[in-house]
Amino acid sequence: MDLRSFIEENQEELTLISGAKFGDRQSIDALFERYEPLVRKQWNRNKICAYEYDDWRQESLMTMMRVVSQYHADEMVRFCWFYKRALVNRARDLYRTQAASKRIPEEITSSIGEEGEQYLFERNIYGAPGEVVMIRQRFRDLLSHCSKMEAEVFIMWIHGYGVAEIADKIHCKPSQATSALARARKKARELGD
């Protein structure tokens, strides 16, 4: 199939995608309505325990807008394939986020600051405004006492990465990442006392 045939065959959908790229609300709604059965199917299949269908629907809409901005018809691949893959990946990300929050020790979550604000927001861990300010200050204090490597390892660790993943991302040996994490956690405990 050549590009011209692909465009003619998918003209209606490509028109909606173009409108959505430019922020046309009707195009966005029509495109999302077209794929709502897929959204519901992915929600039923992946059953993200902390998400009601309305929350998943909103996540799916944001995912669709991200996919719309990245979609190019000249690749001659149907939009539905990209969108389905993005929904599956988003469901996996949400699952990993939930699983990671269960792995983080309770004493560490009190040291998360401004850099971890999105992390806190996603897990509904926010406390009173005064507590948030105190947590941010503790986190800044901890980072100022850590080396660059210790800070990098600690931030990735509180976001749910394993030591092997961290070592791979910062290009060091797992033993070095383990040592840096141990030093950062020790400093966190000392600052907490």
# chains A, B, ... in the order shown; residues from 1 in each chain; ligands from 1
$ residues_around --residues "His72 of chain A" --least-positions-apart "3" --cutoff "12 Å" --atoms "only C-alpha atoms" --output "compact mmCIF listing (two decimals) with N, CA, C and O atoms, in the first residue's frame"
# COMPACT_ATOMS: atom_id res chain seq x y z
N LEU A 3 1.38 5.59 0.22
CA LEU A 3 0.92 6.63 1.14
C LEU A 3 -0.42 7.22 0.72
O LEU A 3 -1.30 7.43 1.55
N PHE A 6 -3.17 4.87 1.66
CA PHE A 6 -3.32 4.87 3.12
C PHE A 6 -4.11 6.09 3.57
O PHE A 6 -5.02 5.99 4.38
N ILE A 7 -3.77 7.26 3.04
CA ILE A 7 -4.45 8.50 3.42
C ILE A 7 -5.91 8.47 2.99
O ILE A 7 -6.81 8.84 3.75
N LEU A 14 -7.78 10.62 9.95
CA LEU A 14 -6.67 11.56 9.83
C LEU A 14 -7.14 13.01 9.97
O LEU A 14 -6.42 13.85 10.51
N ILE A 17 -7.51 13.54 13.67
CA ILE A 17 -6.18 13.63 14.29
C ILE A 17 -5.59 15.02 14.04
O ILE A 17 -5.05 15.64 14.95
N SER A 18 -5.73 15.51 12.80
CA SER A 18 -5.21 16.85 12.48
C SER A 18 -5.91 17.91 13.32
O SER A 18 -5.27 18.82 13.86
N LYS A 21 -4.65 17.76 16.83
CA LYS A 21 -3.31 18.34 16.95
C LYS A 21 -3.36 19.85 17.14
O LYS A 21 -2.53 20.43 17.82
N VAL A 67 -0.13 10.90 22.06
CA VAL A 67 0.04 10.09 20.85
C VAL A 67 -0.31 10.92 19.61
O VAL A 67 0.38 10.85 18.60
N VAL A 68 -1.37 11.73 19.70
CA VAL A 68 -1.77 12.59 18.58
C VAL A 68 -0.62 13.51 18.18
O VAL A 68 -0.31 13.69 17.01
N SER A 69 0.05 14.08 19.18
CA SER A 69 1.14 15.01 18.89
C SER A 69 2.34 14.32 18.24
O SER A 69 3.11 14.95 17.53
N GLU A 75 4.12 7.41 8.08
CA GLU A 75 4.68 6.12 8.47
C GLU A 75 3.77 4.98 8.07
O GLU A 75 4.12 3.81 8.19
N MET A 76 2.56 5.32 7.63
CA MET A 76 1.54 4.37 7.16
C MET A 76 1.22 3.28 8.18
O MET A 76 1.11 2.10 7.85
N VAL A 77 1.08 3.68 9.41
CA VAL A 77 0.66 2.79 10.48
C VAL A 77 -0.60 3.40 11.08
O VAL A 77 -0.63 4.61 11.36
N ARG A 78 -1.60 2.59 11.29
CA ARG A 78 -2.87 3.09 11.81
C ARG A 78 -2.69 3.69 13.20
O ARG A 78 -1.93 3.19 14.03
N PHE A 79 -3.42 4.75 13.46
CA PHE A 79 -3.38 5.45 14.74
C PHE A 79 -3.75 4.51 15.88
O PHE A 79 -3.16 4.58 16.96
N PHE A 82 -0.79 2.69 17.50
CA PHE A 82 0.01 3.54 18.39
C PHE A 82 -0.73 3.80 19.71
O PHE A 82 -0.15 3.74 20.79
$ residues_around --residues "Gln42 of chain A" --least-positions-apart "2" --cutoff "9 Å" --atoms "only C-alpha atoms" --output "list in words"
Pro37, Leu38, Val39, Arg40, Asn44, Arg45, Asn46, Lys47, Lys84, Leu87, Val88 and Ala91 of chain A
$ closest_residue --among "A:Thr97, A:Gln26, A:Ser175, A:Asn89" --to "His159 of chain A" --atoms "only C-alpha atoms"
A:Thr97
$ closest_residue --among "A:Cys172, A:Ile28, A:Arg136, A:Glu9" --to "Met62 of chain A" --atoms "only C-alpha atoms"
A:Ile28
$ select_by_dssp --residues "segment 53-102 of chain A" --states "alpha helix (DSSP H)" --output "PyMOL selection string"
chain A and resi 53-70+79-102
$ residues_around --residues "Ala151 of chain A" --least-positions-apart "6" --cutoff "12 Å" --atoms "only C-alpha atoms" --output "list in words"
Ile112, Glu115, Phe139, Arg140, Asp141, Leu142, Leu143, Ser144, His145, Trp157, Ile158, Ile166, Ile170, Ala177, Ala180, Leu181, Ala182, Arg183, Ala184, Arg185, Lys187 and Ala188 of chain A
$ atom_distance --atom1 "atom CA of Trp43 of chain A" --atom2 "atom CA of Arg57 of chain A"
8.5 Å
$ closest_residue --among "A:Asp93, A:Gln11, A:Arg4, A:Ala20" --to "Gln70 of chain A" --atoms "only C-alpha atoms"
A:Ala20
$ atom_distance --atom1 "atom CA of Arg25 of chain A" --atom2 "atom CA of Leu94 of chain A"
26.7 Å
$ atom_distance --atom1 "atom CA of Ser60 of chain A" --atom2 "atom CA of Lys169 of chain A"
28.5 Å
$ decode --residues "segment 26-59 of chain A" --atoms "C-alpha atoms" --output "short mmCIF file (atom, residue, chain, number, x, y, z; two decimals), in the first residue's frame"
data_model
loop_
_atom_site.label_atom_id
_atom_site.label_comp_id
_atom_site.auth_asym_id
_atom_site.auth_seq_id
_atom_site.Cartn_x
_atom_site.Cartn_y
_atom_site.Cartn_z
CA GLN A 26 -14.84 18.62 18.64
CA SER A 27 -12.10 16.63 16.91
CA ILE A 28 -10.62 15.60 20.26
CA ASP A 29 -14.00 14.47 21.56
CA ALA A 30 -14.89 12.62 18.35
CA LEU A 31 -11.51 10.85 18.23
CA PHE A 32 -11.71 9.86 21.87
CA GLU A 33 -15.30 8.66 21.47
CA ARG A 34 -14.13 6.48 18.57
CA TYR A 35 -11.58 4.78 20.83
CA GLU A 36 -13.52 4.66 24.11
CA PRO A 37 -14.28 0.94 23.67
CA LEU A 38 -10.52 0.34 23.51
CA VAL A 39 -10.03 2.48 26.62
CA ARG A 40 -12.67 0.48 28.51
CA LYS A 41 -11.21 -2.82 27.31
CA GLN A 42 -7.71 -1.85 28.51
CA TRP A 43 -9.12 -0.76 31.88
CA ASN A 44 -10.94 -4.08 32.30
CA ARG A 45 -7.92 -6.05 31.17
CA ASN A 46 -5.33 -4.23 33.31
CA LYS A 47 -7.50 -3.44 36.36
CA ILE A 48 -5.35 -0.80 37.97
CA CYS A 49 -6.63 -1.12 41.52
CA ALA A 50 -6.27 2.51 42.61
CA TYR A 51 -7.99 3.88 39.49
CA GLU A 52 -11.73 4.18 38.96
CA TYR A 53 -12.87 4.12 35.34
CA ASP A 54 -13.26 7.93 35.26
CA ASP A 55 -9.64 8.34 36.38
CA TRP A 56 -8.46 5.83 33.78
CA ARG A 57 -10.57 7.61 31.15
CA GLN A 58 -8.81 10.88 31.97
CA GLU A 59 -5.39 9.18 31.83
#
